[in-house]
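What follows is my_file.cif (mmCIF, N, CA and C atoms, pLDDT in the B column; chains and numbers go by the auth columns).
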```
data_work
loop_
_atom_site.group_PDB
_atom_site.id
_atom_site.type_symbol
_atom_site.label_atom_id
_atom_site.label_comp_id
_atom_site.label_asym_id
_atom_site.label_seq_id
_atom_site.Cartn_x
_atom_site.Cartn_y
_atom_site.Cartn_z
_atom_site.B_iso_or_equiv
_atom_site.auth_seq_id
_atom_site.auth_asym_id
ATOM 1 N N MET A 1 102.813 68.814 87.067 67.00 1 A
ATOM 2 C CA MET A 1 104.194 68.571 86.655 67.00 1 A
ATOM 3 C C MET A 1 104.551 67.120 86.953 67.00 1 A
ATOM 4 N N SER A 2 105.242 66.489 86.025 80.00 2 A
ATOM 5 C CA SER A 2 105.592 65.087 86.199 80.00 2 A
ATOM 6 C C SER A 2 106.873 64.939 87.015 80.00 2 A
ATOM 7 N N LYS A 3 106.975 63.800 87.677 91.00 3 A
ATOM 8 C CA LYS A 3 108.124 63.515 88.538 91.00 3 A
ATOM 9 C C LYS A 3 109.348 63.105 87.720 91.00 3 A
ATOM 10 N N PHE A 4 109.112 62.407 86.605 95.00 4 A
ATOM 11 C CA PHE A 4 110.197 61.905 85.765 95.00 4 A
ATOM 12 C C PHE A 4 110.089 62.500 84.367 95.00 4 A
ATOM 13 N N ALA A 5 111.213 62.655 83.707 95.00 5 A
ATOM 14 C CA ALA A 5 111.246 63.206 82.354 95.00 5 A
ATOM 15 C C ALA A 5 111.589 62.100 81.353 95.00 5 A
ATOM 16 N N ILE A 6 111.226 62.330 80.112 95.00 6 A
ATOM 17 C CA ILE A 6 111.561 61.384 79.048 95.00 6 A
ATOM 18 C C ILE A 6 113.077 61.220 78.991 95.00 6 A
ATOM 19 N N GLY A 7 113.505 59.976 78.915 95.00 7 A
ATOM 20 C CA GLY A 7 114.930 59.651 78.835 95.00 7 A
ATOM 21 C C GLY A 7 115.552 59.268 80.166 95.00 7 A
ATOM 22 N N GLU A 8 114.885 59.574 81.278 96.00 8 A
ATOM 23 C CA GLU A 8 115.457 59.232 82.582 96.00 8 A
ATOM 24 C C GLU A 8 115.329 57.734 82.857 96.00 8 A
ATOM 25 N N GLN A 9 116.332 57.215 83.535 95.00 9 A
ATOM 26 C CA GLN A 9 116.329 55.809 83.921 95.00 9 A
ATOM 27 C C GLN A 9 115.571 55.674 85.240 95.00 9 A
ATOM 28 N N VAL A 10 114.609 54.749 85.259 95.00 10 A
ATOM 29 C CA VAL A 10 113.781 54.543 86.440 95.00 10 A
ATOM 30 C C VAL A 10 113.758 53.070 86.806 95.00 10 A
ATOM 31 N N GLU A 11 113.290 52.800 88.022 93.00 11 A
ATOM 32 C CA GLU A 11 113.184 51.442 88.527 93.00 11 A
ATOM 33 C C GLU A 11 111.813 51.268 89.152 93.00 11 A
ATOM 34 N N ASN A 12 111.184 50.134 88.889 91.00 12 A
ATOM 35 C CA ASN A 12 109.882 49.800 89.453 91.00 12 A
ATOM 36 C C ASN A 12 110.093 49.274 90.870 91.00 12 A
ATOM 37 N N VAL A 13 109.681 50.020 91.867 91.00 13 A
ATOM 38 C CA VAL A 13 109.894 49.613 93.252 91.00 13 A
ATOM 39 C C VAL A 13 108.782 48.716 93.772 91.00 13 A
ATOM 40 N N ALA A 14 107.692 48.593 93.020 85.00 14 A
ATOM 41 C CA ALA A 14 106.542 47.818 93.483 85.00 14 A
ATOM 42 C C ALA A 14 106.724 46.318 93.281 85.00 14 A
ATOM 43 N N ASN A 15 107.418 45.920 92.237 76.00 15 A
ATOM 44 C CA ASN A 15 107.538 44.495 91.936 76.00 15 A
ATOM 45 C C ASN A 15 108.991 44.072 91.832 76.00 15 A
ATOM 46 N N ASP A 16 109.361 43.510 90.716 76.00 16 A
ATOM 47 C CA ASP A 16 110.676 42.884 90.542 76.00 16 A
ATOM 48 C C ASP A 16 111.828 43.848 90.331 76.00 16 A
ATOM 49 N N HIS A 17 111.640 45.102 90.658 77.00 17 A
ATOM 50 C CA HIS A 17 112.675 46.124 90.477 77.00 17 A
ATOM 51 C C HIS A 17 113.166 46.173 89.040 77.00 17 A
ATOM 52 N N GLU A 18 112.214 46.025 88.098 84.00 18 A
ATOM 53 C CA GLU A 18 112.535 46.178 86.686 84.00 18 A
ATOM 54 C C GLU A 18 113.009 47.603 86.465 84.00 18 A
ATOM 55 N N SER A 19 113.935 47.767 85.553 90.00 19 A
ATOM 56 C CA SER A 19 114.407 49.119 85.262 90.00 19 A
ATOM 57 C C SER A 19 114.303 49.379 83.772 90.00 19 A
ATOM 58 N N GLY A 20 114.311 50.645 83.425 93.00 20 A
ATOM 59 C CA GLY A 20 114.233 51.019 82.028 93.00 20 A
ATOM 60 C C GLY A 20 114.215 52.524 81.881 93.00 20 A
ATOM 61 N N ALA A 21 113.958 52.974 80.662 94.00 21 A
ATOM 62 C CA ALA A 21 113.956 54.396 80.361 94.00 21 A
ATOM 63 C C ALA A 21 112.526 54.879 80.126 94.00 21 A
ATOM 64 N N VAL A 22 112.223 56.061 80.650 96.00 22 A
ATOM 65 C CA VAL A 22 110.928 56.682 80.405 96.00 22 A
ATOM 66 C C VAL A 22 110.898 57.127 78.946 96.00 22 A
ATOM 67 N N VAL A 23 109.873 56.699 78.208 96.00 23 A
ATOM 68 C CA VAL A 23 109.756 57.088 76.804 96.00 23 A
ATOM 69 C C VAL A 23 108.555 57.997 76.551 96.00 23 A
ATOM 70 N N ASP A 24 107.639 58.090 77.522 96.00 24 A
ATOM 71 C CA ASP A 24 106.505 59.002 77.380 96.00 24 A
ATOM 72 C C ASP A 24 105.900 59.260 78.755 96.00 24 A
ATOM 73 N N VAL A 25 105.329 60.451 78.900 96.00 25 A
ATOM 74 C CA VAL A 25 104.620 60.840 80.116 96.00 25 A
ATOM 75 C C VAL A 25 103.180 61.106 79.714 96.00 25 A
ATOM 76 N N CYS A 26 102.238 60.391 80.335 94.00 26 A
ATOM 77 C CA CYS A 26 100.827 60.491 79.969 94.00 26 A
ATOM 78 C C CYS A 26 100.033 61.061 81.135 94.00 26 A
ATOM 79 N N PRO A 27 99.360 62.188 80.935 92.00 27 A
ATOM 80 C CA PRO A 27 98.528 62.742 81.997 92.00 27 A
ATOM 81 C C PRO A 27 97.256 61.912 82.168 92.00 27 A
ATOM 82 N N THR A 28 96.755 61.816 83.393 91.00 28 A
ATOM 83 C CA THR A 28 95.513 61.110 83.659 91.00 28 A
ATOM 84 C C THR A 28 94.405 62.125 83.913 91.00 28 A
ATOM 85 N N VAL A 29 93.165 61.668 83.941 93.00 29 A
ATOM 86 C CA VAL A 29 92.032 62.577 84.133 93.00 29 A
ATOM 87 C C VAL A 29 92.037 63.206 85.526 93.00 29 A
ATOM 88 N N ASP A 30 92.683 62.553 86.500 92.00 30 A
ATOM 89 C CA ASP A 30 92.729 63.118 87.851 92.00 30 A
ATOM 90 C C ASP A 30 93.925 64.047 88.069 92.00 30 A
ATOM 91 N N GLY A 31 94.703 64.298 87.024 90.00 31 A
ATOM 92 C CA GLY A 31 95.811 65.241 87.121 90.00 31 A
ATOM 93 C C GLY A 31 97.156 64.640 87.469 90.00 31 A
ATOM 94 N N SER A 32 97.210 63.335 87.698 91.00 32 A
ATOM 95 C CA SER A 32 98.497 62.700 87.958 91.00 32 A
ATOM 96 C C SER A 32 99.124 62.261 86.628 91.00 32 A
ATOM 97 N N SER A 33 100.226 61.545 86.702 93.00 33 A
ATOM 98 C CA SER A 33 100.909 61.101 85.483 93.00 33 A
ATOM 99 C C SER A 33 101.129 59.600 85.507 93.00 33 A
ATOM 100 N N ARG A 34 101.079 59.015 84.337 96.00 34 A
ATOM 101 C CA ARG A 34 101.499 57.629 84.121 96.00 34 A
ATOM 102 C C ARG A 34 102.701 57.698 83.199 96.00 34 A
ATOM 103 N N TYR A 35 103.599 56.744 83.365 96.00 35 A
ATOM 104 C CA TYR A 35 104.847 56.751 82.615 96.00 35 A
ATOM 105 C C TYR A 35 104.961 55.496 81.762 96.00 35 A
ATOM 106 N N ALA A 36 105.247 55.686 80.476 96.00 36 A
ATOM 107 C CA ALA A 36 105.539 54.576 79.578 96.00 36 A
ATOM 108 C C ALA A 36 107.035 54.311 79.695 96.00 36 A
ATOM 109 N N VAL A 37 107.374 53.103 80.116 95.00 37 A
ATOM 110 C CA VAL A 37 108.765 52.746 80.372 95.00 37 A
ATOM 111 C C VAL A 37 109.164 51.589 79.464 95.00 37 A
ATOM 112 N N ASP A 38 110.266 51.773 78.754 94.00 38 A
ATOM 113 C CA ASP A 38 110.839 50.711 77.941 94.00 38 A
ATOM 114 C C ASP A 38 111.699 49.872 78.875 94.00 38 A
ATOM 115 N N THR A 39 111.108 48.807 79.418 87.00 39 A
ATOM 116 C CA THR A 39 111.818 47.994 80.401 87.00 39 A
ATOM 117 C C THR A 39 112.785 47.045 79.705 87.00 39 A
ATOM 118 N N GLU A 40 113.926 46.886 80.296 78.00 40 A
ATOM 119 C CA GLU A 40 114.988 46.068 79.721 78.00 40 A
ATOM 120 C C GLU A 40 114.586 44.599 79.701 78.00 40 A
ATOM 121 N N GLY A 41 114.744 43.970 78.539 73.00 41 A
ATOM 122 C CA GLY A 41 114.512 42.542 78.420 73.00 41 A
ATOM 123 C C GLY A 41 113.100 42.138 78.043 73.00 41 A
ATOM 124 N N TYR A 42 112.153 43.074 77.949 73.00 42 A
ATOM 125 C CA TYR A 42 110.773 42.705 77.643 73.00 42 A
ATOM 126 C C TYR A 42 110.388 43.012 76.204 73.00 42 A
ATOM 127 N N GLY A 43 110.977 44.000 75.582 77.00 43 A
ATOM 128 C CA GLY A 43 110.650 44.344 74.214 77.00 43 A
ATOM 129 C C GLY A 43 109.281 44.980 74.050 77.00 43 A
ATOM 130 N N ALA A 44 108.719 45.469 75.136 82.00 44 A
ATOM 131 C CA ALA A 44 107.407 46.127 75.091 82.00 44 A
ATOM 132 C C ALA A 44 107.383 47.232 76.138 82.00 44 A
ATOM 133 N N LEU A 45 106.512 48.202 75.910 91.00 45 A
ATOM 134 C CA LEU A 45 106.356 49.271 76.897 91.00 45 A
ATOM 135 C C LEU A 45 105.483 48.805 78.048 91.00 45 A
ATOM 136 N N GLN A 46 105.821 49.260 79.236 92.00 46 A
ATOM 137 C CA GLN A 46 104.981 49.022 80.405 92.00 46 A
ATOM 138 C C GLN A 46 104.621 50.379 80.974 92.00 46 A
ATOM 139 N N PHE A 47 103.411 50.494 81.498 93.00 47 A
ATOM 140 C CA PHE A 47 102.928 51.757 82.037 93.00 47 A
ATOM 141 C C PHE A 47 102.862 51.673 83.560 93.00 47 A
ATOM 142 N N PHE A 48 103.385 52.713 84.221 94.00 48 A
ATOM 143 C CA PHE A 48 103.448 52.738 85.680 94.00 48 A
ATOM 144 C C PHE A 48 102.958 54.069 86.215 94.00 48 A
ATOM 145 N N ALA A 49 102.343 54.034 87.377 94.00 49 A
ATOM 146 C CA ALA A 49 102.028 55.256 88.113 94.00 49 A
ATOM 147 C C ALA A 49 103.328 55.761 88.737 94.00 49 A
ATOM 148 N N GLY A 50 103.419 57.060 88.952 92.00 50 A
ATOM 149 C CA GLY A 50 104.636 57.651 89.489 92.00 50 A
ATOM 150 C C GLY A 50 105.058 57.112 90.842 92.00 50 A
ATOM 151 N N GLU A 51 104.092 56.760 91.686 92.00 51 A
ATOM 152 C CA GLU A 51 104.440 56.254 93.020 92.00 51 A
ATOM 153 C C GLU A 51 105.042 54.849 92.985 92.00 51 A
ATOM 154 N N LYS A 52 104.983 54.187 91.846 94.00 52 A
ATOM 155 C CA LYS A 52 105.582 52.856 91.698 94.00 52 A
ATOM 156 C C LYS A 52 107.015 52.916 91.183 94.00 52 A
ATOM 157 N N LEU A 53 107.487 54.134 90.859 95.00 53 A
ATOM 158 C CA LEU A 53 108.813 54.292 90.262 95.00 53 A
ATOM 159 C C LEU A 53 109.729 55.131 91.139 95.00 53 A
ATOM 160 N N THR A 54 111.021 54.892 90.973 94.00 54 A
ATOM 161 C CA THR A 54 112.048 55.724 91.580 94.00 54 A
ATOM 162 C C THR A 54 113.174 55.860 90.562 94.00 54 A
ATOM 163 N N PHE A 55 114.056 56.815 90.775 94.00 55 A
ATOM 164 C CA PHE A 55 115.202 56.964 89.889 94.00 55 A
ATOM 165 C C PHE A 55 116.092 55.732 90.033 94.00 55 A
ATOM 166 N N ALA A 56 116.554 55.191 88.915 88.00 56 A
ATOM 167 C CA ALA A 56 117.390 53.992 88.926 88.00 56 A
ATOM 168 C C ALA A 56 118.785 54.347 89.415 88.00 56 A
ATOM 169 N N VAL A 57 119.336 53.448 90.195 77.00 57 A
ATOM 170 C CA VAL A 57 120.700 53.590 90.681 77.00 57 A
ATOM 171 C C VAL A 57 121.606 52.820 89.721 77.00 57 A
ATOM 172 N N SER A 58 122.630 53.463 89.247 66.00 58 A
ATOM 173 C CA SER A 58 123.554 52.825 88.330 66.00 58 A
ATOM 174 C C SER A 58 124.279 51.690 89.041 66.00 58 A
ATOM 175 N N ARG A 59 124.295 50.538 88.398 57.00 59 A
ATOM 176 C CA ARG A 59 124.969 49.375 88.974 57.00 59 A
ATOM 177 C C ARG A 59 126.273 49.061 88.249 57.00 59 A
ATOM 178 N N ARG A 60 126.667 49.934 87.350 56.00 60 A
ATOM 179 C CA ARG A 60 127.915 49.715 86.619 56.00 60 A
ATOM 180 C C ARG A 60 129.096 49.848 87.552 56.00 60 A
ATOM 181 N N GLY A 61 130.031 48.951 87.408 51.00 61 A
ATOM 182 C CA GLY A 61 131.235 48.992 88.213 51.00 61 A
ATOM 183 C C GLY A 61 131.076 48.377 89.602 51.00 61 A
ATOM 184 N N ALA A 62 129.866 47.918 89.919 49.00 62 A
ATOM 185 C CA ALA A 62 129.662 47.291 91.227 49.00 62 A
ATOM 186 C C ALA A 62 130.257 45.903 91.220 49.00 62 A
ATOM 187 N N THR A 63 130.812 45.500 92.330 47.00 63 A
ATOM 188 C CA THR A 63 131.392 44.154 92.407 47.00 63 A
ATOM 189 C C THR A 63 130.648 43.313 93.389 47.00 63 A
#
```

Rewritten as structure tokens:
Amino acid sequence: MSKFAIGEQVENVANDHESGAVVDVCPTVDGSSRYAVDTEGYGALQFFAGEKLTFAVSRRGAT
């Protein structure tokens, strides 16, 4: 079972805290999942292992 579902907003905790929406969940041969994420500002999909992602915290309305 995957940790994130298609459409959920996630954040990359390993690097620059890029955020985006999960657009696909890809199973690996070892039974884990990789996530295709449409990251904001890049115009391309990036693939991440589940341990590199967390649910994105909404920053709307923050001052």

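Interatomic distance, atom N of Thr28 of chain A to atom C of Phe55 of chain A: 21.3 Å.
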
What do you get, as a compact mmCIF listing (two decimals) with N, CA and C atoms, keeping the file's coordinate frame, if you spell out every residue that the PyMOL selection byres ((chain A and resi 5-7) around 6.5) selects here?
```txt
# COMPACT_ATOMS: atom_id res chain seq x y z
N SER A 2 105.24 66.49 86.02
CA SER A 2 105.59 65.09 86.20
C SER A 2 106.87 64.94 87.02
N LYS A 3 106.98 63.80 87.68
CA LYS A 3 108.12 63.52 88.54
C LYS A 3 109.35 63.10 87.72
N PHE A 4 109.11 62.41 86.60
CA PHE A 4 110.20 61.90 85.76
C PHE A 4 110.09 62.50 84.37
N GLU A 8 114.88 59.57 81.28
CA GLU A 8 115.46 59.23 82.58
C GLU A 8 115.33 57.73 82.86
N GLN A 9 116.33 57.22 83.54
CA GLN A 9 116.33 55.81 83.92
C GLN A 9 115.57 55.67 85.24
N ALA A 21 113.96 52.97 80.66
CA ALA A 21 113.96 54.40 80.36
C ALA A 21 112.53 54.88 80.13
N VAL A 22 112.22 56.06 80.65
CA VAL A 22 110.93 56.68 80.40
C VAL A 22 110.90 57.13 78.95
N VAL A 23 109.87 56.70 78.21
CA VAL A 23 109.76 57.09 76.80
C VAL A 23 108.56 58.00 76.55
N ASP A 24 107.64 58.09 77.52
CA ASP A 24 106.50 59.00 77.38
C ASP A 24 105.90 59.26 78.76
N VAL A 25 105.33 60.45 78.90
CA VAL A 25 104.62 60.84 80.12
C VAL A 25 103.18 61.11 79.71
```

Residue IDs satisfying the PyMOL selection byres ((chain A and resi 33) around 8), as a compact mmCIF listing (two decimals) with N, CA and C atoms, in the frame of the given file:
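Output (out-v1.txt):
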```
# COMPACT_ATOMS: atom_id res chain seq x y z
N MET A 1 102.81 68.81 87.07
CA MET A 1 104.19 68.57 86.66
C MET A 1 104.55 67.12 86.95
N SER A 2 105.24 66.49 86.02
CA SER A 2 105.59 65.09 86.20
C SER A 2 106.87 64.94 87.02
N LYS A 3 106.98 63.80 87.68
CA LYS A 3 108.12 63.52 88.54
C LYS A 3 109.35 63.10 87.72
N VAL A 25 105.33 60.45 78.90
CA VAL A 25 104.62 60.84 80.12
C VAL A 25 103.18 61.11 79.71
N CYS A 26 102.24 60.39 80.33
CA CYS A 26 100.83 60.49 79.97
C CYS A 26 100.03 61.06 81.14
N PRO A 27 99.36 62.19 80.94
CA PRO A 27 98.53 62.74 82.00
C PRO A 27 97.26 61.91 82.17
N THR A 28 96.76 61.82 83.39
CA THR A 28 95.51 61.11 83.66
C THR A 28 94.40 62.12 83.91
N VAL A 29 93.16 61.67 83.94
CA VAL A 29 92.03 62.58 84.13
C VAL A 29 92.04 63.21 85.53
N ASP A 30 92.68 62.55 86.50
CA ASP A 30 92.73 63.12 87.85
C ASP A 30 93.92 64.05 88.07
N GLY A 31 94.70 64.30 87.02
CA GLY A 31 95.81 65.24 87.12
C GLY A 31 97.16 64.64 87.47
N SER A 32 97.21 63.34 87.70
CA SER A 32 98.50 62.70 87.96
C SER A 32 99.12 62.26 86.63
N ARG A 34 101.08 59.02 84.34
CA ARG A 34 101.50 57.63 84.12
C ARG A 34 102.70 57.70 83.20
N TYR A 35 103.60 56.74 83.36
CA TYR A 35 104.85 56.75 82.62
C TYR A 35 104.96 55.50 81.76
N ALA A 36 105.25 55.69 80.48
CA ALA A 36 105.54 54.58 79.58
C ALA A 36 107.04 54.31 79.69
N PHE A 48 103.38 52.71 84.22
CA PHE A 48 103.45 52.74 85.68
C PHE A 48 102.96 54.07 86.22
N ALA A 49 102.34 54.03 87.38
CA ALA A 49 102.03 55.26 88.11
C ALA A 49 103.33 55.76 88.74
N GLY A 50 103.42 57.06 88.95
CA GLY A 50 104.64 57.65 89.49
C GLY A 50 105.06 57.11 90.84
N GLU A 51 104.09 56.76 91.69
CA GLU A 51 104.44 56.25 93.02
C GLU A 51 105.04 54.85 92.98
```

Practice prompt. Using the chain letters and numbers from the file, give me the residues hit by the PyMOL selection byres ((chain A and resi 40) around 7), as a ChimeraX atom specification.
Written response: /A:18-21,37-39,41-43

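Put simply, atom N of Val57 of chain A is 19.0 Å away from atom C of Leu45 of chain A.
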